[in-house]
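Chemist: Quick one: structure below, then a few questions.
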Amino acid sequence: MTPIDATPTSVLFDLAKRHCGVSHKELAGLLLSGRPLSDGRSPQSRLGDRTWVSRFIVHAPAGTLSDSYFCDYAVGALRFAARMKSRSKRALTGNAILEIVCGEAGRAMDDALKACGQSPTLYRNMMERIACEGSLTADERAEVALVLLVTAACTADVRRAVAEAREFSEKMHGGGLATPPLAPMSQGAAREAVTAGADDRPRWLGLLRIVAGAPQWVEPTATGAEVGALALTEGAVSEVGPDVSGRHARLWRDDAGAWWVQGCDSRHGTVLVNGLTGEETVVEPPRGQRDGWQASPAPVAPGDQLRLAASTTFLLIEGYPG
């Protein structure tokens, strides 16, 4: 049962801790923004202050949290998904995430939204539609469900959360959410719908530019794809800013299923931001700053960000081209 004073945000953090193995501090690190606020400090810089995280984020009154406290909600949701899937003990699959978010444990969010004057029916309708969407794989449905959950929790605005989830599904997975069949579903059929959609095909790596646009996809092969303003090879990623080199970097997938990135002697360099920890790794320094530096590939994973020069940041995802 949901405590009477539970807020959507506290329900999200409780769900993550109790059912997903992600602590309050970990989840805050995945969701909070690194941009400075009016006092010159970013929310990310306050992660070490447990009192601040508890009072001003986890247990903040519904509707009082500013968007400026958080990174993009879809980005935060994808980081959350990546964290659950990469746990050293009992990593969660897309199916398992759906069971938690769409199932009985996730219904605590319905009660918290109702308590702050929001429509739990609209939220539940959207969550059930996501769970039953047959055109998406389980991993893709889990991502959409987490966008809905995270946005609803952080904004206490169901209509906005539904709009964010629909836009994410259309942009990232190439389509909206269809109306389910007219025939009612039994409990067993509903459970099968949640766990259906598993796909053994290697998933492509998608580069979603943070400012706008649809993802650009990299085929899961040893050849991979070049990234650059003037990259001409098959499958090249070229929707980049003006300060990105003509051949800036290369991404590929090895035989073991791991993704890698390496610089291509770019002028302004490449930085990798770990989606779980926020740690930055210099993949390739700018020219003129390479004394003693040796080029080597760096491993990347969904949820990470690639920063090319100063103008272009990509969020890395996995999926299939629409």
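To be explicit about the labels: the chains of the structure tokens are called A, B, and onward in the order shown, and within each one the residues are counted from 1, while ligands get numbers from 1 in the order they are shown.
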With only C-alpha atoms as the counted atoms, please give the residues lying no more than 7 Å from range 142-155 of chain A, apart from itself and same-chain residues fewer than 2 positions off, as a PyMOL selection string.
Modeler: chain A and resi 8-9+12+63+65+73-74+77-78+81+94+97-98+127+130+138-140+157-158+161-162+164-165+168-169
Chemist: Those same residues - N, CA and C atoms - I'd like them written as a PDB file, in the first residue's frame.
Modeler:
ATOM      1  N   PRO A   8       4.763  11.367  -6.179  1.00  0.00           N
ATOM      2  CA  PRO A   8       5.227  10.619  -7.354  1.00  0.00           C
ATOM      3  C   PRO A   8       6.746  10.419  -7.372  1.00  0.00           C
ATOM      4  N   THR A   9       7.481  11.441  -6.945  1.00  0.00           N
ATOM      5  CA  THR A   9       8.936  11.315  -6.946  1.00  0.00           C
ATOM      6  C   THR A   9       9.407  10.283  -5.929  1.00  0.00           C
ATOM      7  N   LEU A  12       8.836   6.801  -7.230  1.00  0.00           N
ATOM      8  CA  LEU A  12       9.847   6.417  -8.221  1.00  0.00           C
ATOM      9  C   LEU A  12      11.116   5.927  -7.533  1.00  0.00           C
ATOM     10  N   GLY A  63       4.843  18.638  -7.593  1.00  0.00           N
ATOM     11  CA  GLY A  63       4.671  19.835  -8.402  1.00  0.00           C
ATOM     12  C   GLY A  63       5.648  20.957  -8.110  1.00  0.00           C
ATOM     13  N   LEU A  65       9.105  20.554  -8.089  1.00  0.00           N
ATOM     14  CA  LEU A  65      10.399  20.325  -8.714  1.00  0.00           C
ATOM     15  C   LEU A  65      10.479  21.015 -10.068  1.00  0.00           C
ATOM     16  N   TYR A  73      14.194  14.168 -19.579  1.00  0.00           N
ATOM     17  CA  TYR A  73      13.564  13.025 -18.920  1.00  0.00           C
ATOM     18  C   TYR A  73      13.772  11.720 -19.687  1.00  0.00           C
ATOM     19  N   ALA A  74      13.749  11.781 -21.017  1.00  0.00           N
ATOM     20  CA  ALA A  74      13.988  10.572 -21.808  1.00  0.00           C
ATOM     21  C   ALA A  74      15.421  10.086 -21.628  1.00  0.00           C
ATOM     22  N   ALA A  77      15.607   8.402 -18.310  1.00  0.00           N
ATOM     23  CA  ALA A  77      14.956   7.089 -18.353  1.00  0.00           C
ATOM     24  C   ALA A  77      15.856   6.051 -19.011  1.00  0.00           C
ATOM     25  N   LEU A  78      16.552   6.429 -20.081  1.00  0.00           N
ATOM     26  CA  LEU A  78      17.448   5.493 -20.756  1.00  0.00           C
ATOM     27  C   LEU A  78      18.653   5.156 -19.884  1.00  0.00           C
ATOM     28  N   ALA A  81      17.386   2.641 -17.414  1.00  0.00           N
ATOM     29  CA  ALA A  81      17.276   1.327 -18.049  1.00  0.00           C
ATOM     30  C   ALA A  81      18.638   0.660 -18.175  1.00  0.00           C
ATOM     31  N   GLY A  94      14.530  -6.488 -20.290  1.00  0.00           N
ATOM     32  CA  GLY A  94      13.404  -5.621 -20.631  1.00  0.00           C
ATOM     33  C   GLY A  94      12.093  -6.179 -20.114  1.00  0.00           C
ATOM     34  N   ILE A  97      11.827  -5.513 -16.360  1.00  0.00           N
ATOM     35  CA  ILE A  97      11.533  -4.096 -16.096  1.00  0.00           C
ATOM     36  C   ILE A  97      10.054  -3.814 -16.333  1.00  0.00           C
ATOM     37  N   LEU A  98       9.501  -4.382 -17.402  1.00  0.00           N
ATOM     38  CA  LEU A  98       8.075  -4.201 -17.680  1.00  0.00           C
ATOM     39  C   LEU A  98       7.214  -4.790 -16.576  1.00  0.00           C
ATOM     40  N   MET A 127       0.162   3.183 -19.650  1.00  0.00           N
ATOM     41  CA  MET A 127       1.091   2.128 -19.258  1.00  0.00           C
ATOM     42  C   MET A 127       0.646   0.781 -19.824  1.00  0.00           C
ATOM     43  N   ILE A 130       1.348   0.593 -23.544  1.00  0.00           N
ATOM     44  CA  ILE A 130       2.767   0.316 -23.793  1.00  0.00           C
ATOM     45  C   ILE A 130       3.050  -1.177 -23.625  1.00  0.00           C
ATOM     46  N   ALA A 138      10.447  -6.145 -26.238  1.00  0.00           N
ATOM     47  CA  ALA A 138      10.321  -5.932 -24.799  1.00  0.00           C
ATOM     48  C   ALA A 138      11.247  -4.823 -24.326  1.00  0.00           C
ATOM     49  N   ASP A 139      12.474  -4.765 -24.845  1.00  0.00           N
ATOM     50  CA  ASP A 139      13.405  -3.705 -24.444  1.00  0.00           C
ATOM     51  C   ASP A 139      12.880  -2.332 -24.844  1.00  0.00           C
ATOM     52  N   GLU A 140      12.303  -2.248 -26.037  1.00  0.00           N
ATOM     53  CA  GLU A 140      11.773  -0.959 -26.493  1.00  0.00           C
ATOM     54  C   GLU A 140      10.573  -0.535 -25.662  1.00  0.00           C
ATOM     55  N   ASP A 157       2.782  15.543 -13.650  1.00  0.00           N
ATOM     56  CA  ASP A 157       1.901  16.018 -14.722  1.00  0.00           C
ATOM     57  C   ASP A 157       1.682  14.842 -15.681  1.00  0.00           C
ATOM     58  N   VAL A 158       0.538  14.179 -15.553  1.00  0.00           N
ATOM     59  CA  VAL A 158       0.278  12.972 -16.337  1.00  0.00           C
ATOM     60  C   VAL A 158       0.177  13.284 -17.824  1.00  0.00           C
ATOM     61  N   ALA A 161       3.521  13.658 -19.235  1.00  0.00           N
ATOM     62  CA  ALA A 161       4.226  12.377 -19.266  1.00  0.00           C
ATOM     63  C   ALA A 161       3.766  11.518 -20.437  1.00  0.00           C
ATOM     64  N   VAL A 162       2.453  11.488 -20.683  1.00  0.00           N
ATOM     65  CA  VAL A 162       1.916  10.719 -21.802  1.00  0.00           C
ATOM     66  C   VAL A 162       2.438  11.280 -23.124  1.00  0.00           C
ATOM     67  N   GLU A 164       5.209  12.966 -23.606  1.00  0.00           N
ATOM     68  CA  GLU A 164       6.645  12.665 -23.704  1.00  0.00           C
ATOM     69  C   GLU A 164       6.862  11.217 -24.150  1.00  0.00           C
ATOM     70  N   ALA A 165       6.090  10.289 -23.579  1.00  0.00           N
ATOM     71  CA  ALA A 165       6.255   8.877 -23.928  1.00  0.00           C
ATOM     72  C   ALA A 165       5.867   8.616 -25.382  1.00  0.00           C
ATOM     73  N   PHE A 168       8.574  10.086 -27.612  1.00  0.00           N
ATOM     74  CA  PHE A 168       9.763   9.233 -27.551  1.00  0.00           C
ATOM     75  C   PHE A 168       9.577   7.988 -28.419  1.00  0.00           C
ATOM     76  N   SER A 169       8.420   7.343 -28.315  1.00  0.00           N
ATOM     77  CA  SER A 169       8.161   6.138 -29.099  1.00  0.00           C
ATOM     78  C   SER A 169       8.216   6.419 -30.591  1.00  0.00           C
TER      79      SER A 169
END
Chemist: Please list as JSON, numbers by chain every residue within 12 Å of range 35-46 of chain A, counting only C-alpha atoms and excluding residues in the same chain fewer than 5 positions away.
Modeler: {"A": [25, 26, 27, 28, 29, 30, 51, 52, 53, 54, 55, 56, 57, 65, 66, 67, 68, 69, 70, 71, 72, 277, 278, 279]}
Chemist: Would you put the residues from that selection into a file with N, CA and C atoms, as a CSV table (one decimal), in the first residue's frame?
Modeler:
chain,number,residue,atom,x,y,z
A,25,LYS,N,20.8,7.5,-4.2
A,25,LYS,CA,21.9,8.3,-4.7
A,25,LYS,C,22.2,7.9,-6.2
A,26,GLU,N,22.2,6.6,-6.5
A,26,GLU,CA,22.4,6.2,-7.9
A,26,GLU,C,21.4,6.8,-8.8
A,27,LEU,N,20.1,6.6,-8.4
A,27,LEU,CA,19.0,7.1,-9.3
A,27,LEU,C,19.1,8.6,-9.5
A,28,ALA,N,19.4,9.3,-8.4
A,28,ALA,CA,19.6,10.8,-8.5
A,28,ALA,C,20.7,11.1,-9.5
A,29,GLY,N,21.8,10.4,-9.4
A,29,GLY,CA,22.9,10.6,-10.3
A,29,GLY,C,22.5,10.4,-11.8
A,30,LEU,N,21.6,9.5,-12.0
A,30,LEU,CA,21.2,9.3,-13.4
A,30,LEU,C,20.2,10.3,-13.9
A,51,THR,N,21.1,14.7,2.8
A,51,THR,CA,19.9,15.5,3.2
A,51,THR,C,19.3,16.3,2.1
A,52,TRP,N,20.1,16.9,1.3
A,52,TRP,CA,19.6,17.7,0.2
A,52,TRP,C,18.9,16.9,-0.8
A,53,VAL,N,19.5,15.7,-1.2
A,53,VAL,CA,18.8,14.8,-2.1
A,53,VAL,C,17.5,14.3,-1.6
A,54,SER,N,17.5,14.0,-0.3
A,54,SER,CA,16.2,13.5,0.3
A,54,SER,C,15.1,14.6,0.4
A,55,ARG,N,15.5,15.8,0.9
A,55,ARG,CA,14.6,16.8,1.1
A,55,ARG,C,14.1,17.5,-0.2
A,56,PHE,N,15.0,17.8,-1.1
A,56,PHE,CA,14.7,18.6,-2.2
A,56,PHE,C,14.5,17.8,-3.5
A,57,ILE,N,14.7,16.5,-3.5
A,57,ILE,CA,14.4,15.7,-4.7
A,57,ILE,C,13.5,14.6,-4.3
A,65,LEU,N,9.1,20.6,-8.1
A,65,LEU,CA,10.4,20.3,-8.7
A,65,LEU,C,10.5,21.0,-10.1
A,66,SER,N,11.6,21.7,-10.3
A,66,SER,CA,11.8,22.4,-11.6
A,66,SER,C,12.4,21.5,-12.6
A,67,ASP,N,12.1,21.7,-13.8
A,67,ASP,CA,12.7,21.0,-14.9
A,67,ASP,C,14.3,21.2,-14.9
A,68,SER,N,14.7,22.3,-14.4
A,68,SER,CA,16.1,22.6,-14.4
A,68,SER,C,16.9,21.7,-13.4
A,69,TYR,N,16.2,21.0,-12.5
A,69,TYR,CA,16.9,20.1,-11.7
A,69,TYR,C,17.3,18.8,-12.4
A,70,PHE,N,16.7,18.5,-13.5
A,70,PHE,CA,16.9,17.2,-14.2
A,70,PHE,C,17.5,17.3,-15.6
A,71,CYS,N,18.1,16.3,-16.0
A,71,CYS,CA,18.5,16.2,-17.4
A,71,CYS,C,17.2,15.9,-18.2
A,72,ASP,N,17.3,15.8,-19.5
A,72,ASP,CA,16.1,15.5,-20.3
A,72,ASP,C,15.5,14.2,-19.7
A,277,THR,N,27.7,6.6,-14.4
A,277,THR,CA,28.4,7.3,-13.3
A,277,THR,C,28.7,8.7,-13.6
A,278,GLY,N,28.5,9.2,-14.9
A,278,GLY,CA,28.8,10.5,-15.3
A,278,GLY,C,30.3,10.7,-15.5
A,279,GLU,N,31.1,9.7,-15.4
A,279,GLU,CA,32.5,9.8,-15.5
A,279,GLU,C,32.9,10.1,-17.0
Chemist: Take CA of Val75 in chain A and CA of Pro285 in chain A and report the distance between them in Å, one decimal.
Modeler: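 Straight-line distance from CA of Val75 in chain A to CA of Pro285 in chain A works out to 25.4 Å.
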Chemist: Considering only C-alpha atoms, state which residue in the set A:Asp291, A:Glu170, A:Asp14, A:Glu219 is at the smallest distance from Glu318 in chain A.
Modeler: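 Using only C-alpha atoms, Glu318 in chain A sits closest to A:Glu219.
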Chemist: Just checking: using only C-alpha atoms, which residue out of A:Lys114, A:His173, A:Arg83, A:Arg267 ends up closest to Leu31 in chain A?
Modeler: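 Smallest separation from Leu31 in chain A among the options: A:Arg83.
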Chemist: When DSSP is applied to the backbone of this structure, which of range 154-309 of chain A are assigned strand (DSSP E or B)? Write them out as number ranges by chain.
Modeler: A: 204-209, 216-218, 225-227, 237, 249-253, 259-263, 270-273, 280-284, 298-300, 305-308
Chemist: For the selection you just gave me, I'd like the residues written to a file as a CSV table (one decimal), in the first residue's frame, keeping N, CA and C atoms.
Modeler:
chain,number,residue,atom,x,y,z
A,204,TRP,N,21.0,-2.6,-33.3
A,204,TRP,CA,21.8,-1.6,-33.9
A,204,TRP,C,22.1,-0.5,-32.8
A,205,LEU,N,23.2,0.2,-33.0
A,205,LEU,CA,23.5,1.3,-32.1
A,205,LEU,C,22.9,2.6,-32.7
A,206,GLY,N,22.1,3.3,-31.9
A,206,GLY,CA,21.5,4.6,-32.4
A,206,GLY,C,22.2,5.8,-31.8
A,207,LEU,N,22.5,6.8,-32.6
A,207,LEU,CA,23.0,8.0,-32.1
A,207,LEU,C,22.0,9.1,-32.2
A,208,LEU,N,21.4,9.5,-31.0
A,208,LEU,CA,20.4,10.5,-30.9
A,208,LEU,C,21.0,11.8,-30.5
A,209,ARG,N,21.0,12.7,-31.5
A,209,ARG,CA,21.6,14.0,-31.1
A,209,ARG,C,20.7,14.8,-30.1
A,216,GLN,N,20.3,8.3,-35.6
A,216,GLN,CA,21.1,7.8,-36.8
A,216,GLN,C,21.7,6.4,-36.3
A,217,TRP,N,21.5,5.4,-37.2
A,217,TRP,CA,21.7,4.1,-36.8
A,217,TRP,C,23.1,3.5,-37.3
A,218,VAL,N,23.8,2.8,-36.5
A,218,VAL,CA,25.0,2.1,-36.8
A,218,VAL,C,24.8,0.6,-36.9
A,225,ALA,N,30.4,2.2,-38.5
A,225,ALA,CA,30.2,3.4,-39.3
A,225,ALA,C,31.1,4.5,-38.9
A,226,GLU,N,31.5,5.4,-39.8
A,226,GLU,CA,32.2,6.6,-39.5
A,226,GLU,C,31.2,7.7,-39.1
A,227,VAL,N,31.7,8.6,-38.2
A,227,VAL,CA,30.9,9.8,-37.8
A,227,VAL,C,31.7,11.0,-38.2
A,237,VAL,N,27.4,8.5,-40.2
A,237,VAL,CA,26.6,9.4,-39.4
A,237,VAL,C,27.1,10.8,-39.7
A,249,ALA,N,35.2,10.2,-36.0
A,249,ALA,CA,35.3,9.0,-35.1
A,249,ALA,C,34.7,7.9,-35.9
A,250,ARG,N,34.9,6.7,-35.3
A,250,ARG,CA,34.3,5.5,-35.9
A,250,ARG,C,33.7,4.6,-34.8
A,251,LEU,N,32.6,4.0,-35.0
A,251,LEU,CA,31.9,3.1,-34.1
A,251,LEU,C,31.7,1.8,-34.7
A,252,TRP,N,31.9,0.7,-33.9
A,252,TRP,CA,31.7,-0.6,-34.4
A,252,TRP,C,31.3,-1.6,-33.3
A,253,ARG,N,30.9,-2.8,-33.7
A,253,ARG,CA,30.5,-3.8,-32.7
A,253,ARG,C,31.4,-5.1,-33.0
A,259,TRP,N,30.3,-2.7,-28.1
A,259,TRP,CA,30.4,-1.6,-29.0
A,259,TRP,C,31.7,-0.8,-28.6
A,260,TRP,N,32.3,-0.2,-29.6
A,260,TRP,CA,33.6,0.5,-29.4
A,260,TRP,C,33.6,1.8,-30.2
A,261,VAL,N,34.3,2.8,-29.8
A,261,VAL,CA,34.5,4.1,-30.5
A,261,VAL,C,36.0,4.4,-30.5
A,262,GLN,N,36.4,5.0,-31.6
A,262,GLN,CA,37.8,5.4,-31.7
A,262,GLN,C,37.9,6.7,-32.5
A,263,GLY,N,38.8,7.6,-32.1
A,263,GLY,CA,38.9,8.9,-32.9
A,263,GLY,C,39.6,8.6,-34.2
A,270,THR,N,37.1,14.1,-29.0
A,270,THR,CA,35.9,13.4,-28.6
A,270,THR,C,35.9,13.0,-27.1
A,271,VAL,N,34.8,13.2,-26.4
A,271,VAL,CA,34.7,12.8,-25.0
A,271,VAL,C,33.6,11.8,-24.8
A,272,LEU,N,33.8,10.8,-24.1
A,272,LEU,CA,32.7,9.8,-23.7
A,272,LEU,C,32.3,10.0,-22.3
A,273,VAL,N,30.9,10.2,-22.1
A,273,VAL,CA,30.4,10.4,-20.8
A,273,VAL,C,29.6,9.1,-20.4
A,280,GLU,N,33.8,11.1,-17.2
A,280,GLU,CA,34.2,11.4,-18.6
A,280,GLU,C,35.5,10.8,-19.0
A,281,THR,N,35.6,10.2,-20.2
A,281,THR,CA,36.8,9.6,-20.7
A,281,THR,C,37.1,10.3,-22.0
A,282,VAL,N,38.3,10.7,-22.1
A,282,VAL,CA,38.8,11.4,-23.4
A,282,VAL,C,39.1,10.3,-24.4
A,283,VAL,N,38.3,10.2,-25.4
A,283,VAL,CA,38.5,9.2,-26.5
A,283,VAL,C,39.6,9.7,-27.4
A,284,GLU,N,39.6,11.0,-27.6
A,284,GLU,CA,40.7,11.6,-28.5
A,284,GLU,C,40.8,13.1,-28.1
A,298,ALA,N,37.7,2.9,-27.2
A,298,ALA,CA,37.0,2.9,-25.9
A,298,ALA,C,35.7,2.2,-26.0
A,299,PRO,N,35.3,1.4,-25.0
A,299,PRO,CA,34.0,0.7,-25.0
A,299,PRO,C,32.9,1.7,-24.7
A,300,VAL,N,31.8,1.5,-25.4
A,300,VAL,CA,30.6,2.4,-25.2
A,300,VAL,C,29.4,1.5,-25.0
A,305,GLN,N,26.9,9.0,-23.4
A,305,GLN,CA,26.9,10.1,-24.3
A,305,GLN,C,28.2,10.3,-25.0
A,306,LEU,N,28.2,10.7,-26.3
A,306,LEU,CA,29.4,11.0,-27.0
A,306,LEU,C,29.4,12.5,-27.3
A,307,ARG,N,30.4,13.2,-26.9
A,307,ARG,CA,30.5,14.6,-27.1
A,307,ARG,C,31.6,14.9,-28.2
A,308,LEU,N,31.2,15.3,-29.4
A,308,LEU,CA,32.1,15.6,-30.5
A,308,LEU,C,32.3,17.1,-30.6
Chemist: Give me the residues near Ala256 in chain A as a PyMOL selection string, where near means some atom within 12 Å (using only C-alpha atoms) and where sequence neighbours in that chain fewer than 5 positions away do not count.
Modeler: chain A and resi 202+220-222
Chemist: Now that the selection is made, can you save its residues with N, CA, C and O atoms as a PDB file, in the first residue's frame?
Modeler:
ATOM      1  N   PRO A 202      20.865  -9.046 -33.461  1.00  0.00           N
ATOM      2  CA  PRO A 202      21.731  -8.033 -32.857  1.00  0.00           C
ATOM      3  C   PRO A 202      21.093  -6.650 -33.000  1.00  0.00           C
ATOM      4  O   PRO A 202      20.610  -6.291 -34.076  1.00  0.00           O
ATOM      5  N   PRO A 220      25.285  -3.321 -36.560  1.00  0.00           N
ATOM      6  CA  PRO A 220      26.098  -4.075 -35.607  1.00  0.00           C
ATOM      7  C   PRO A 220      27.095  -5.009 -36.293  1.00  0.00           C
ATOM      8  O   PRO A 220      26.958  -6.236 -36.284  1.00  0.00           O
ATOM      9  N   THR A 221      28.121  -4.418 -36.907  1.00  0.00           N
ATOM     10  CA  THR A 221      29.148  -5.189 -37.616  1.00  0.00           C
ATOM     11  C   THR A 221      30.519  -4.679 -37.215  1.00  0.00           C
ATOM     12  O   THR A 221      30.664  -3.623 -36.594  1.00  0.00           O
ATOM     13  N   ALA A 222      31.554  -5.419 -37.607  1.00  0.00           N
ATOM     14  CA  ALA A 222      32.928  -5.003 -37.331  1.00  0.00           C
ATOM     15  C   ALA A 222      33.305  -3.768 -38.135  1.00  0.00           C
ATOM     16  O   ALA A 222      34.216  -3.026 -37.753  1.00  0.00           O
TER      17      ALA A 222
END
Chemist: Distance CA of Gly224 in chain A-CA of Gln289 in chain A, one decimal place?
Modeler: 27.4 Å
Chemist: Got a sec to tell me which of range 64-289 of chain A DSSP assigns to helix (DSSP H, G or I), as an NGL selection string?
Modeler: :A and (67-69 or 73-85 or 94-102 or 105-115 or 120-131 or 138-155 or 158-173 or 187-195)
Chemist: For the selection just defined, write its residues with C-alpha atoms to a file, as an mmCIF file, in the first residue's frame.
Modeler:
data_model
loop_
_atom_site.group_PDB
_atom_site.id
_atom_site.type_symbol
_atom_site.label_atom_id
_atom_site.label_comp_id
_atom_site.auth_asym_id
_atom_site.auth_seq_id
_atom_site.Cartn_x
_atom_site.Cartn_y
_atom_site.Cartn_z
ATOM 1 C CA ASP A 67 12.747 20.964 -14.914
ATOM 2 C CA SER A 68 16.142 22.627 -14.375
ATOM 3 C CA TYR A 69 16.925 20.071 -11.664
ATOM 4 C CA TYR A 73 13.564 13.025 -18.920
ATOM 5 C CA ALA A 74 13.988 10.572 -21.808
ATOM 6 C CA VAL A 75 17.766 10.649 -21.345
ATOM 7 C CA GLY A 76 17.333 9.978 -17.637
ATOM 8 C CA ALA A 77 14.956 7.089 -18.353
ATOM 9 C CA LEU A 78 17.448 5.493 -20.756
ATOM 10 C CA ARG A 79 20.229 5.853 -18.191
ATOM 11 C CA PHE A 80 17.967 4.189 -15.629
ATOM 12 C CA ALA A 81 17.276 1.327 -18.049
ATOM 13 C CA ALA A 82 20.979 0.892 -18.782
ATOM 14 C CA ARG A 83 21.768 0.790 -15.059
ATOM 15 C CA MET A 84 19.216 -1.942 -14.379
ATOM 16 C CA LYS A 85 20.461 -4.039 -17.308
ATOM 17 C CA GLY A 94 13.404 -5.621 -20.631
ATOM 18 C CA ASN A 95 10.695 -8.123 -19.691
ATOM 19 C CA ALA A 96 11.596 -7.902 -16.003
ATOM 20 C CA ILE A 97 11.533 -4.096 -16.096
ATOM 21 C CA LEU A 98 8.075 -4.201 -17.680
ATOM 22 C CA GLU A 99 6.853 -6.571 -14.985
ATOM 23 C CA ILE A 100 7.928 -4.074 -12.314
ATOM 24 C CA VAL A 101 6.857 -0.809 -13.931
ATOM 25 C CA CYS A 102 3.600 -2.017 -15.488
ATOM 26 C CA ALA A 105 4.607 -2.807 -7.834
ATOM 27 C CA GLY A 106 4.225 0.052 -10.290
ATOM 28 C CA ARG A 107 0.626 0.741 -9.236
ATOM 29 C CA ALA A 108 1.928 2.738 -6.282
ATOM 30 C CA MET A 109 2.462 5.521 -8.828
ATOM 31 C CA ASP A 110 -1.275 5.528 -9.637
ATOM 32 C CA ASP A 111 -2.111 6.271 -5.994
ATOM 33 C CA ALA A 112 0.538 8.989 -5.667
ATOM 34 C CA LEU A 113 -0.665 10.728 -8.835
ATOM 35 C CA LYS A 114 -4.270 10.596 -7.666
ATOM 36 C CA ALA A 115 -3.245 12.135 -4.315
ATOM 37 C CA PRO A 120 -4.379 7.791 -12.536
ATOM 38 C CA THR A 121 -6.712 6.415 -15.223
ATOM 39 C CA LEU A 122 -4.903 8.248 -18.010
ATOM 40 C CA TYR A 123 -1.544 7.138 -16.637
ATOM 41 C CA ARG A 124 -2.658 3.496 -16.303
ATOM 42 C CA ASN A 125 -4.256 3.482 -19.774
ATOM 43 C CA MET A 126 -0.946 4.619 -21.261
ATOM 44 C CA MET A 127 1.091 2.128 -19.258
ATOM 45 C CA GLU A 128 -1.136 -0.775 -20.305
ATOM 46 C CA ARG A 129 -1.032 0.323 -23.930
ATOM 47 C CA ILE A 130 2.767 0.316 -23.793
ATOM 48 C CA ALA A 131 2.793 -3.165 -22.246
ATOM 49 C CA ALA A 138 10.321 -5.932 -24.799
ATOM 50 C CA ASP A 139 13.405 -3.705 -24.444
ATOM 51 C CA GLU A 140 11.773 -0.959 -26.493
ATOM 52 C CA ARG A 141 8.535 -1.142 -24.501
ATOM 53 C CA ALA A 142 10.542 -1.005 -21.280
ATOM 54 C CA GLU A 143 12.221 2.194 -22.485
ATOM 55 C CA VAL A 144 8.893 3.854 -23.340
ATOM 56 C CA ALA A 145 7.392 2.762 -20.005
ATOM 57 C CA LEU A 146 10.343 4.248 -18.130
ATOM 58 C CA VAL A 147 9.998 7.554 -19.983
ATOM 59 C CA LEU A 148 6.356 7.658 -18.860
ATOM 60 C CA LEU A 149 7.261 6.714 -15.279
ATOM 61 C CA VAL A 150 10.179 9.126 -14.893
ATOM 62 C CA THR A 151 8.388 12.085 -16.479
ATOM 63 C CA ALA A 152 5.234 11.547 -14.413
ATOM 64 C CA ALA A 153 7.282 11.234 -11.228
ATOM 65 C CA CYS A 154 9.446 14.318 -11.779
ATOM 66 C CA THR A 155 6.745 16.650 -13.130
ATOM 67 C CA VAL A 158 0.278 12.972 -16.337
ATOM 68 C CA ARG A 159 -0.663 14.669 -19.603
ATOM 69 C CA ARG A 160 2.882 15.841 -20.105
ATOM 70 C CA ALA A 161 4.226 12.377 -19.266
ATOM 71 C CA VAL A 162 1.916 10.719 -21.802
ATOM 72 C CA ALA A 163 2.948 13.233 -24.472
ATOM 73 C CA GLU A 164 6.645 12.665 -23.704
ATOM 74 C CA ALA A 165 6.255 8.877 -23.928
ATOM 75 C CA ARG A 166 4.363 9.057 -27.223
ATOM 76 C CA GLU A 167 6.904 11.452 -28.737
ATOM 77 C CA PHE A 168 9.763 9.233 -27.551
ATOM 78 C CA SER A 169 8.161 6.138 -29.099
ATOM 79 C CA GLU A 170 7.628 7.889 -32.425
ATOM 80 C CA LYS A 171 11.120 9.400 -32.529
ATOM 81 C CA MET A 172 13.111 6.443 -31.242
ATOM 82 C CA HIS A 173 11.167 3.432 -32.479
ATOM 83 C CA GLN A 187 -4.755 -12.139 -17.249
ATOM 84 C CA GLY A 188 -2.655 -14.847 -18.881
ATOM 85 C CA ALA A 189 -2.837 -13.154 -22.277
ATOM 86 C CA ALA A 190 -1.922 -9.813 -20.756
ATOM 87 C CA ARG A 191 1.135 -11.351 -19.119
ATOM 88 C CA GLU A 192 2.143 -12.913 -22.445
ATOM 89 C CA ALA A 193 1.814 -9.503 -24.090
ATOM 90 C CA VAL A 194 4.227 -8.024 -21.553
ATOM 91 C CA THR A 195 6.814 -10.763 -22.096
#
